[in-house]
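Peer 1: Attaching a single structure in structure tokens format; questions to follow.
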Amino acid sequence: MKDSPITDAFLPMTGRVTTGEAITCVSQALDSAGLEFAHGTDNARDESAWLIAFAMGRSPVQPPDADHVLTESERSSIERVIARRITERVPAAYITGRTWFAGHEMLCDERALVPRSPLAEFITSDFYGLLDTVDSPRVLDLCTGGGCIAIASALARPDAIVHASDLSADALALAADNVALHGLQDRVHLLHGSLFDPVDARYDLIISNPPYVDAADIRAMAPEFHREPEMGLGAGDDGLDIVTPMLAEAPDYLTDEGWIVVEVGNSAEAVERRWPTLELAWLEFASGGDGVFAVQRRDLLALRPGQ
């Protein structure tokens with residue numbers, strides 16, 4: 001056990017160690033390291049259990065028994081995984097290569113942001129009723145990244161046709177892998193281009209988790225966030241470089257009663273300053289999260305000159 005520089009920090013050098021004991025030791029090491037927990041977990045204990053299960057070749061949804069005594073091979077594997085998490089500040093989801101969104105497993109790597117949007121609750125809660133009167137809805141996921149929103153939407157509404165666009169070809173390649181993972185090639189169609197450039201249809205619902213982090217927040221981000229593609233995060237001084245053209249063009253791609261739902265996070269105040277008269281419905285989430293608004297096509301049209 002001498003090949004890991006942090007062995008003493010989380011696992012005893014000798015003696016019998018169970019999975020449960022390892023989780024406790026590793027969670028203490030993660031806490032002491034001052035890591036950021038925002039990429040699939042929000043605390044050290046859950047993250048330690050996830051990473052240990054991965055190191056042992058197990059899924060976190062089927063973790064090993066807490067009383068299982070670690071083998072030498074398992075101990076070495078755990079040390080390597082935790083060393084990478086602590087010394088390189090790599091998000092856990094990038095280490096494991098998989099994460100979960102809206103209850104569905106997704107492939108995850110550095111080509112796209114780690115899925116963590118509160119829009120998962122919006123999707124699993126029947127889209128908050130916005131599609132209740134629509135048969136076979138058409139849904140567009142703008143700035144899809146790894147495709148999690150588009151895929152979760154298609155799984156939530158089996159009668160929906162879903163399109164998903166992104167400017168990043170790398171992100172779309174990951175999205176294609178996730179679409180294939182869920183067997184949705186016939187209902188989730190990927191489009192390459194900026195915002196609405198590759199789009200030629202109208203939709204009952206547009207959903208977007210676009211880049212919205214303002215310049216000050218980008219500078220203040222923990223190292224884990226800088227492991228993610230910056231083009232998926234930064235959006236200028238006020239965080240609205242993408243949202244502004246999105247809202248200007250959206251009416252041309254929505255049905256008459258269509259809605260657009262957009263996550264803007266900490267840029268919510270900037271949105272309200274930019275569009276003080278726009279009828280925005282700010283969504284609430286039982287499981288936490290904020291900064292997501294819904295607005296209907298007719299209200300967006302009111303922003304246009306002469307309307």
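Residues are named by chain letter and number: chains run A, B, ... in the order of the structure tokens, numbers start at 1 in each chain, and ligands are numbered from 1 in the order shown.
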Go through stretch 6-223 of chain A and collect every residue that DSSP, computed from the backbone, puts in helix (DSSP H, G or I); the answer should be as a PyMOL selection string.

Peer 2: chain A and resi 7-10+19-32+44-55+72-88+92-96+119-124+126-129+148-156+169-181+215-220+223

Peer 1: Just want the 12 Å neighbourhood of A:Thr41, counted on only C-alpha atoms, with same-chain residues fewer than 3 positions away dropped. Output as a list in words.

Peer 2: Leu35, Glu36, Phe37, Ala38, Ala44, Arg45, Asp46, Glu47, Ser48, Ala49, Trp50, Leu51, Pro60, Pro91, Ala92, Ala93, Thr99, Trp100, Phe101, Val114, Pro115 and Arg116 of chain A

Peer 1: Nearest residue to A:Ala286 out of A:Ile151, A:Leu247, A:Leu119, A:Leu142, using only C-alpha atoms?

Peer 2: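 Among the listed residues, A:Leu119 lies closest to A:Ala286.
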
Peer 1: Which is closest to A:Asp31 among A:Arg219, A:Arg298, A:Arg85, A:Arg304, if we use only C-alpha atoms?

Peer 2: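 That would be A:Arg85, the residue with the smallest distance to A:Asp31.
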
Peer 1: From the set A:Ile23, A:Arg227, A:Thr96, A:Pro211, which residue has the shortest atom-to-atom contact distance to A:Arg58, counting only C-alpha atoms?

Peer 2: A:Thr96

Peer 1: Just want the 10 Å neighbourhood of A:Gly288, counted on only C-alpha atoms, with same-chain residues fewer than 3 positions away dropped. Output as a PyMOL selection string.

Peer 2: chain A and resi 118+121+284-285

Peer 1: For A:Arg202, list every protein, DNA or RNA residue within 6 Å, evaluated using only C-alpha atoms, and leave out those in the same chain fewer than 6 positions away; present the list as a VMD selection string.

Peer 2: chain A and resid 253 to 255

Peer 1: Between A:Arg89, A:Arg111, A:Arg16, A:His39, which is the closest to A:Pro229 once you count only C-alpha atoms?

Peer 2: A:Arg111

Peer 1: Check the smallest atom-to-atom distance from each of A:Ala248, A:Ile161, A:Ala102, A:Ala235 to A:Pro305 using only C-alpha atoms, then report the winner.

Peer 2: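 Among the listed residues, A:Ala248 lies closest to A:Pro305.
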
Peer 1: Nearest to A:Asp42: which of A:Ala112, A:Ile218, A:Leu174, A:Leu30 is it, counting only C-alpha atoms?

Peer 2: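 Comparing A:Ala112, A:Ile218, A:Leu174, A:Leu30 against A:Asp42, the winner is A:Leu30.
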
Peer 1: Hey, can you check how far atom CA of A:Val264 sits from atom CA of A:Ile123?

Peer 2: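 Result for atom CA of A:Val264 versus atom CA of A:Ile123: 16.8 Å, one decimal.
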
Peer 1: Pull the strand (DSSP E or B) assignments for stretch 113-302 of chain A out of DSSP run on the backbone, and list those residues as JSON, numbers by chain.

Peer 2: {"A": [138, 139, 140, 141, 142, 161, 162, 163, 164, 165, 166, 188, 189, 190, 191, 192, 203, 204, 205, 206, 207, 208, 213, 234, 254, 255, 256, 257, 258, 259, 260, 261, 262, 263, 281, 282, 292, 293, 294, 295, 296]}

Peer 1: Near A:Arg187, within 9 Å and counting only C-alpha atoms, which residues show up once chain neighbours fewer than 5 positions away are dropped, as a PyMOL selection string?

Peer 2: chain A and resi 154+158-163

Peer 1: Produce a file of the selected residues containing C-alpha atoms, as an mmCIF file, in the first residue's frame.

Peer 2:
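What follows is the written file result.cif:
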```cif
data_model
loop_
_atom_site.group_PDB
_atom_site.id
_atom_site.type_symbol
_atom_site.label_atom_id
_atom_site.label_comp_id
_atom_site.auth_asym_id
_atom_site.auth_seq_id
_atom_site.Cartn_x
_atom_site.Cartn_y
_atom_site.Cartn_z
ATOM 1 C CA ALA A 154 -38.444 12.084 -24.572
ATOM 2 C CA PRO A 158 -43.205 8.898 -25.158
ATOM 3 C CA ASP A 159 -45.442 10.625 -27.715
ATOM 4 C CA ALA A 160 -43.061 13.585 -28.126
ATOM 5 C CA ILE A 161 -40.667 14.340 -30.947
ATOM 6 C CA VAL A 162 -37.590 16.015 -29.499
ATOM 7 C CA HIS A 163 -34.921 18.061 -31.253
#
```
